[in-house]
>>> print(open('final_1.txt').read())   # compact mmCIF, C-alpha atoms
# COMPACT_ATOMS: atom_id res chain seq x y z
CA MET A 123 19.22 -14.13 -1.05
CA SER A 124 15.90 -12.39 -0.49
CA LYS A 125 13.72 -11.65 -3.47
CA ILE A 126 12.68 -8.03 -3.88
CA TRP A 127 9.03 -7.34 -4.67
CA ARG A 128 9.08 -3.78 -6.04
CA TYR A 129 6.03 -1.52 -6.02
CA GLY A 130 5.41 2.17 -6.60
CA ASP A 131 3.73 4.97 -4.67
CA HIS A 132 0.39 4.91 -2.84
CA VAL A 133 -0.15 1.16 -2.65
CA ASP A 134 -3.32 1.11 -0.58
CA THR A 135 -4.70 -1.51 1.77
CA ASP A 136 -7.41 -2.44 -0.77
CA VAL A 137 -4.62 -3.47 -3.13
CA ILE A 138 -2.65 -5.27 -0.44
CA ILE A 139 -5.75 -7.32 0.44
CA PRO A 140 -8.87 -6.63 -1.62
CA ALA A 141 -12.00 -5.96 0.46
CA ARG A 142 -13.97 -8.61 -1.44
CA TYR A 143 -12.01 -11.29 0.47
CA LEU A 144 -12.41 -9.90 3.97
CA ASN A 145 -15.14 -12.42 4.76
CA ILE A 146 -12.38 -15.09 4.88
CA SER A 147 -11.49 -15.57 8.55
CA ASP A 148 -8.50 -17.90 8.06
CA PHE A 149 -5.51 -15.60 7.56
CA LYS A 150 -3.54 -18.28 5.72
CA GLU A 151 -6.35 -18.61 3.17
CA LEU A 152 -6.83 -14.83 3.05
CA ALA A 153 -3.11 -14.36 2.36
CA GLU A 154 -3.49 -16.29 -0.89
CA HIS A 155 -5.12 -13.13 -2.27
CA ALA A 156 -2.42 -10.71 -1.13
CA MET A 157 -1.49 -8.10 -3.74
CA GLU A 158 -3.50 -9.86 -6.47
CA ASP A 159 -5.04 -6.64 -7.84
CA ILE A 160 -1.58 -5.18 -8.49
CA ASP A 161 0.56 -8.32 -8.94
CA THR A 162 -0.97 -11.73 -9.63
CA THR A 163 2.45 -13.36 -9.24
CA PHE A 164 2.97 -12.24 -5.64
CA ALA A 165 0.85 -14.62 -3.54
CA PRO A 166 1.84 -17.83 -5.33
CA ASN A 167 5.54 -16.94 -5.53
CA VAL A 168 6.54 -14.91 -2.47
CA ARG A 169 8.79 -16.90 -0.14
CA PRO A 170 9.69 -16.52 3.53
CA GLY A 171 12.42 -13.93 3.85
CA ASP A 172 11.41 -11.91 0.78
CA VAL A 173 11.34 -8.11 1.06
CA ILE A 174 8.80 -5.64 -0.29
CA VAL A 175 10.29 -2.35 -1.52
CA ALA A 176 7.87 0.46 -2.31
CA GLY A 177 7.58 4.17 -2.92
CA LYS A 178 5.69 6.81 -0.97
CA ASN A 179 2.72 6.27 1.33
CA PHE A 180 2.71 2.45 1.33
CA GLY A 181 -0.39 1.09 3.07
CA CYS A 182 -2.60 4.13 2.64
CA GLY A 183 -6.36 3.74 2.71
CA SER A 184 -8.28 1.94 5.40
CA SER A 185 -6.96 1.08 8.83
CA ARG A 186 -7.58 -2.65 8.43
CA GLU A 187 -4.99 -4.76 10.18
CA HIS A 188 -5.52 -7.49 7.58
CA ALA A 189 -3.11 -5.77 5.17
CA PRO A 190 0.11 -6.20 7.15
CA VAL A 191 -1.09 -9.53 8.57
CA VAL A 192 -1.40 -11.19 5.15
CA LEU A 193 2.08 -9.99 4.18
CA LYS A 194 3.52 -11.42 7.38
CA VAL A 195 1.62 -14.69 6.89
CA LYS A 196 3.14 -14.96 3.39
CA GLY A 197 6.59 -14.69 4.97
CA VAL A 198 7.60 -11.14 4.04
CA GLN A 199 10.67 -10.38 6.16
CA CYS A 200 10.42 -6.61 6.01
CA ILE A 201 8.91 -3.75 4.04
CA VAL A 202 11.23 -0.95 2.97
CA ALA A 203 9.59 2.17 1.56
CA ASP A 204 10.07 5.84 0.92
CA SER A 205 7.27 6.40 3.44
CA PHE A 206 4.29 4.62 5.02
CA ALA A 207 0.77 5.59 5.88
CA ARG A 208 0.95 6.04 9.66
CA ILE A 209 -1.81 3.55 10.55
CA PHE A 210 -0.27 0.85 8.34
CA TYR A 211 3.14 1.53 9.88
CA ARG A 212 1.78 1.09 13.39
CA ASN A 213 -0.33 -1.95 12.46
CA ALA A 214 2.76 -3.58 10.96
CA ILE A 215 4.74 -3.01 14.15
CA ASN A 216 1.83 -4.22 16.28
CA ILE A 217 1.73 -7.57 14.45
CA GLY A 218 5.51 -7.95 14.35
CA LEU A 219 6.27 -7.03 10.73
CA PRO A 220 9.35 -4.78 10.52
CA VAL A 221 9.03 -1.67 8.36
CA LEU A 222 11.77 0.76 7.45
CA GLU A 223 11.41 4.21 5.91
CA ILE A 224 14.39 5.23 3.80
CA GLY A 225 13.01 8.20 1.88
CA SER A 226 13.91 8.82 -1.74
CA GLN A 227 16.90 6.47 -1.48
CA VAL A 228 14.39 3.71 -2.16
CA GLU A 229 14.69 4.62 -5.84
CA GLN A 230 18.14 2.99 -5.84
CA ILE A 231 16.64 -0.45 -5.14
CA GLU A 232 15.23 -2.44 -8.03
CA ALA A 233 13.54 -5.80 -8.48
CA GLY A 234 16.24 -8.44 -8.73
CA ASP A 235 18.65 -6.70 -6.36
CA ASP A 236 20.26 -8.74 -3.58
CA VAL A 237 19.25 -6.90 -0.41
CA GLU A 238 19.94 -7.37 3.27
CA VAL A 239 17.91 -5.33 5.76
CA ASP A 240 18.89 -4.58 9.34
CA ALA A 241 15.87 -2.66 10.65
CA ALA A 242 17.38 -2.43 14.14
CA ALA A 243 20.40 -0.55 12.78
CA GLY A 244 18.52 1.27 10.01
CA VAL A 245 20.72 -0.21 7.30
CA VAL A 246 19.76 -1.55 3.90
CA THR A 247 22.60 -3.18 2.01
CA VAL A 248 22.20 -3.71 -1.73
CA ARG A 249 24.97 -6.26 -2.22
CA ASN A 250 24.96 -6.46 -5.99
CA LYS A 251 25.42 -2.67 -6.22
CA ASN A 252 27.89 -2.40 -3.32
CA LEU A 253 25.46 0.15 -1.86
CA THR A 254 24.69 0.81 1.79
CA ILE A 255 21.69 2.95 2.66
CA ARG A 256 21.60 4.26 6.21
CA THR A 257 18.50 5.73 7.77
CA LYS A 258 16.91 6.22 11.14
CA PRO A 259 16.35 2.77 12.66
CA LEU A 260 13.11 1.61 14.15
CA PRO A 261 12.67 3.20 17.58
CA ASP A 262 13.72 0.77 20.32
CA PHE A 263 10.19 0.17 21.58
CA CYS A 264 8.97 -0.61 18.04
CA ARG A 265 11.92 -2.91 17.42
CA HIS A 266 11.24 -4.77 20.67
CA ILE A 267 7.58 -5.22 19.71
CA ALA A 268 8.51 -6.47 16.22
CA GLU A 269 11.19 -8.81 17.61
CA ALA A 270 8.67 -10.29 20.06
CA GLY A 271 6.39 -11.12 17.14
CA GLY A 272 3.91 -8.35 17.81
CA LEU A 273 2.35 -6.25 20.53
CA VAL A 274 0.35 -9.05 22.16
CA GLN A 275 3.40 -11.29 22.52
CA TYR A 276 5.50 -8.33 23.70
CA ILE A 277 3.02 -7.65 26.52
CA ARG A 278 2.90 -11.34 27.42
CA ASN A 279 6.69 -11.38 27.62
CA GLN A 280 6.66 -8.33 29.90
CA LYS A 281 4.32 -10.10 32.33
CA ALA A 282 6.41 -13.29 32.39
>>> encode(input="final_1.txt", output="structure tokens")
Amino acid sequence: MSKIWRYGDHVDTDVIIPARYLNISDFKELAEHAMEDIDTTFAPNVRPGDVIVAGKNFGCGSSREHAPVVLKVKGVQCIVADSFARIFYRNAINIGLPVLEIGSQVEQIEAGDDVEVDAAAGVVTVRNKNLTIRTKPLPDFCRHIAEAGGLVQYIRNQKA
């Protein structure tokens, strides 16, 4: 069972990873500060396979790639949101972190729910509510990049 980390609208990149820590070059160390300005329990308690569920415009603000990187380093399996800031969305794909936009249906998912996400199919299953949310899946090229672990690895695989 994946734990749901539930956040609201307009979670910006300065909240995901505060700028005061950007002088840390080790992403594992940097990730220990992920989300701390909005949720001090996140970094010490998030586990591989957990899912972030958020409202509108997740990842707004600066274009820093550090924001999706620290979430991936902490083991976040996927981010499901009403909508994403476009640069965050693309940065997440480029580093191999699946993201799925499901619109206002996100309001049906709460912290504590038992969720399974199939980004390739565009399906979010909330098991404890017997609820299936279907949306447009990741485009094939984005899914292939995410499955490869990011854009760099995807390109390496294409050359092999």
>>> closest_residue(input="final_1.txt", among="A:Thr162, A:Ser147, A:Gln275, A:Ser226", to="His188 (chain A)", atoms="only C-alpha atoms")
A:Ser147
>>> closest_residue(input="final_1.txt", among="A:Ser184, A:Asn250, A:Gln199, A:Ser124", to="Val137 (chain A)", atoms="only C-alpha atoms")
A:Ser184
>>> residues_around(input="final_1.txt", residues="Arg256 (chain A)", least_positions_apart="5", cutoff="10 Å", atoms="all atoms listed in the file", output="list in words")
Ile224, Gln227, Asp240, Ala243, Gly244, Val245, Val246 and Thr247 of chain A
>>> atom_distance(input="final_1.txt", atom1="CA of Asp236 (chain A)", atom2="CA of Asp136 (chain A)")
28.5 Å
>>> atom_distance(input="final_1.txt", atom1="CA of Ile126 (chain A)", atom2="CA of Asn145 (chain A)")
29.5 Å
>>> atom_distance(input="final_1.txt", atom1="CA of Phe263 (chain A)", atom2="CA of Lys281 (chain A)")
16.0 Å
>>> residues_around(input="final_1.txt", residues="Ile231 (chain A)", least_positions_apart="3", cutoff="8 Å", atoms="only C-alpha atoms", output="list in words")
Val175, Gln227, Val228, Asp235 and Val248 of chain A
>>> closest_residue(input="final_1.txt", among="A:Ile139, A:Leu273, A:Ala242, A:Leu144", to="Asn216 (chain A)", atoms="all atoms listed in the file")
A:Leu273
>>> residues_near_point(input="final_1.txt", point="(-8.8, -13.5, 0.0)", cutoff="6 Å", atoms="only C-alpha atoms", output="list in words")
Tyr143, Leu152 and His155 of chain A
>>> residues_around(input="final_1.txt", residues="Ala156 (chain A)", least_positions_apart="2", cutoff="12 Å", atoms="only C-alpha atoms", output="ChimeraX atom specification")
/A:134-144,149-154,158-168,188-198
>>> closest_residue(input="final_1.txt", among="A:Ala207, A:Ala270, A:Val173, A:Ile201", to="Ser185 (chain A)", atoms="only C-alpha atoms")
A:Ala207
>>> axis_aligned_box(input="final_1.txt", around="region 247-263 of chain A", padding_each_side="4 Å", output="JSON")
{"center_x": 19.0, "center_y": -0.1, "center_z": 7.7, "size_x": 25.7, "size_y": 20.7, "size_z": 35.8}
>>> closest_atom_pairs(input="final_1.txt", of="region 210-229 of chain A", to="region 179-182 of chain A", cutoff="12 Å", atoms="only C-alpha atoms", output="tab-separated table")
residue	atom	partner	partner_atom	distance
A:Phe210	CA	A:Gly181	CA	5.3
A:Tyr211	CA	A:Gly181	CA	7.7
A:Arg212	CA	A:Gly181	CA	10.5
A:Asn213	CA	A:Gly181	CA	9.9
A:Ala214	CA	A:Gly181	CA	9.7
A:Val221	CA	A:Phe180	CA	10.3
A:Leu222	CA	A:Phe180	CA	11.1
A:Glu223	CA	A:Phe180	CA	10.0
A:Ile224	CA	A:Asn179	CA	12.0
A:Gly225	CA	A:Asn179	CA	10.5
A:Ser226	CA	A:Asn179	CA	11.9
>>> closest_residue(input="final_1.txt", among="A:Leu253, A:Glu232, A:Pro259, A:Cys200", to="Gly218 (chain A)", atoms="all atoms listed in the file")
A:Cys200
>>> residues_near_point(input="final_1.txt", point="(6.3, 0.3, -8.8)", cutoff="8 Å", atoms="all atoms listed in the file", output="MDAnalysis selection string")
chainID A and resid 128:131 176:177
>>> closest_residue(input="final_1.txt", among="A:Arg208, A:His266, A:Lys125, A:Arg249", to="Arg169 (chain A)", atoms="all atoms listed in the file")
A:Lys125
>>> build_atoms(input="final_1.txt", residues="region 142-153 of chain A", atoms="all heavy atoms", output="tab-separated table (two decimals), keeping the file's coordinate frame")
chain	number	residue	atom	x	y	z
A	142	ARG	N	-13.03	-7.54	-1.09
A	142	ARG	CA	-13.97	-8.61	-1.44
A	142	ARG	C	-13.63	-9.94	-0.75
A	142	ARG	O	-14.45	-10.86	-0.74
A	142	ARG	CB	-14.05	-8.78	-2.95
A	142	ARG	CG	-12.79	-9.25	-3.64
A	142	ARG	CD	-12.94	-9.24	-5.16
A	142	ARG	NE	-11.71	-9.53	-5.85
A	142	ARG	CZ	-10.79	-8.62	-6.17
A	142	ARG	NH1	-10.94	-7.37	-5.83
A	142	ARG	NH2	-9.71	-8.99	-6.83
A	143	TYR	N	-12.41	-10.05	-0.20
A	143	TYR	CA	-12.01	-11.29	0.47
A	143	TYR	C	-12.07	-11.21	1.99
A	143	TYR	O	-11.75	-12.18	2.67
A	143	TYR	CB	-10.58	-11.68	0.05
A	143	TYR	CG	-10.45	-11.96	-1.42
A	143	TYR	CD1	-9.69	-11.13	-2.22
A	143	TYR	CD2	-11.10	-13.04	-2.00
A	143	TYR	CE1	-9.57	-11.38	-3.58
A	143	TYR	CE2	-10.99	-13.29	-3.36
A	143	TYR	CZ	-10.22	-12.45	-4.14
A	143	TYR	OH	-10.11	-12.69	-5.48
A	144	LEU	N	-12.47	-10.09	2.52
A	144	LEU	CA	-12.41	-9.90	3.97
A	144	LEU	C	-13.39	-10.76	4.75
A	144	LEU	O	-13.32	-10.80	5.97
A	144	LEU	CB	-12.57	-8.43	4.33
A	144	LEU	CG	-11.42	-7.55	3.86
A	144	LEU	CD1	-11.67	-6.11	4.26
A	144	LEU	CD2	-10.08	-8.04	4.40
A	145	ASN	N	-14.26	-11.48	4.06
A	145	ASN	CA	-15.14	-12.42	4.76
A	145	ASN	C	-14.42	-13.74	5.07
A	145	ASN	O	-14.95	-14.59	5.76
A	145	ASN	CB	-16.41	-12.69	3.95
A	145	ASN	CG	-16.12	-13.29	2.59
A	145	ASN	OD1	-15.02	-13.15	2.05
A	145	ASN	ND2	-17.11	-13.95	2.02
A	146	ILE	N	-13.20	-13.90	4.59
A	146	ILE	CA	-12.38	-15.09	4.88
A	146	ILE	C	-11.73	-14.88	6.24
A	146	ILE	O	-10.98	-13.92	6.44
A	146	ILE	CB	-11.31	-15.32	3.79
A	146	ILE	CG1	-11.98	-15.55	2.43
A	146	ILE	CG2	-10.40	-16.48	4.17
A	146	ILE	CD1	-10.99	-15.58	1.25
A	147	SER	N	-12.01	-15.76	7.19
A	147	SER	CA	-11.49	-15.57	8.55
A	147	SER	C	-10.15	-16.27	8.79
A	147	SER	O	-9.45	-15.94	9.74
A	147	SER	CB	-12.51	-16.06	9.58
A	147	SER	OG	-12.81	-17.42	9.36
A	148	ASP	N	-9.78	-17.20	7.93
A	148	ASP	CA	-8.50	-17.90	8.06
A	148	ASP	C	-7.44	-17.06	7.35
A	148	ASP	O	-7.45	-16.91	6.13
A	148	ASP	CB	-8.63	-19.29	7.40
A	148	ASP	CG	-7.33	-20.08	7.42
A	148	ASP	OD1	-6.25	-19.51	7.66
A	148	ASP	OD2	-7.41	-21.29	7.17
A	149	PHE	N	-6.50	-16.50	8.14
A	149	PHE	CA	-5.51	-15.60	7.56
A	149	PHE	C	-4.61	-16.29	6.54
A	149	PHE	O	-4.15	-15.66	5.60
A	149	PHE	CB	-4.67	-14.92	8.65
A	149	PHE	CG	-5.34	-13.73	9.25
A	149	PHE	CD1	-5.69	-13.73	10.58
A	149	PHE	CD2	-5.63	-12.61	8.49
A	149	PHE	CE1	-6.32	-12.62	11.15
A	149	PHE	CE2	-6.25	-11.51	9.04
A	149	PHE	CZ	-6.60	-11.52	10.37
A	150	LYS	N	-4.36	-17.57	6.70
A	150	LYS	CA	-3.54	-18.28	5.72
A	150	LYS	C	-4.26	-18.32	4.37
A	150	LYS	O	-3.66	-18.10	3.32
A	150	LYS	CB	-3.22	-19.69	6.21
A	150	LYS	CG	-2.20	-20.39	5.35
A	150	LYS	CD	-1.73	-21.68	5.98
A	150	LYS	CE	-0.67	-22.30	5.08
A	150	LYS	NZ	-0.09	-23.50	5.62
A	151	GLU	N	-5.55	-18.60	4.40
A	151	GLU	CA	-6.35	-18.61	3.17
A	151	GLU	C	-6.48	-17.20	2.60
A	151	GLU	O	-6.36	-16.99	1.39
A	151	GLU	CB	-7.74	-19.20	3.45
A	151	GLU	CG	-8.63	-19.29	2.24
A	151	GLU	CD	-10.02	-19.82	2.56
A	151	GLU	OE1	-10.25	-20.34	3.67
A	151	GLU	OE2	-10.89	-19.70	1.67
A	152	LEU	N	-6.71	-16.23	3.47
A	152	LEU	CA	-6.83	-14.83	3.05
A	152	LEU	C	-5.54	-14.36	2.37
A	152	LEU	O	-5.58	-13.67	1.35
A	152	LEU	CB	-7.15	-13.95	4.26
A	152	LEU	CG	-7.38	-12.47	3.99
A	152	LEU	CD1	-8.60	-12.26	3.10
A	152	LEU	CD2	-7.54	-11.72	5.31
A	153	ALA	N	-4.41	-14.78	2.90
A	153	ALA	CA	-3.11	-14.36	2.36
A	153	ALA	C	-2.89	-14.83	0.93
A	153	ALA	O	-2.07	-14.25	0.21
A	153	ALA	CB	-1.99	-14.86	3.27
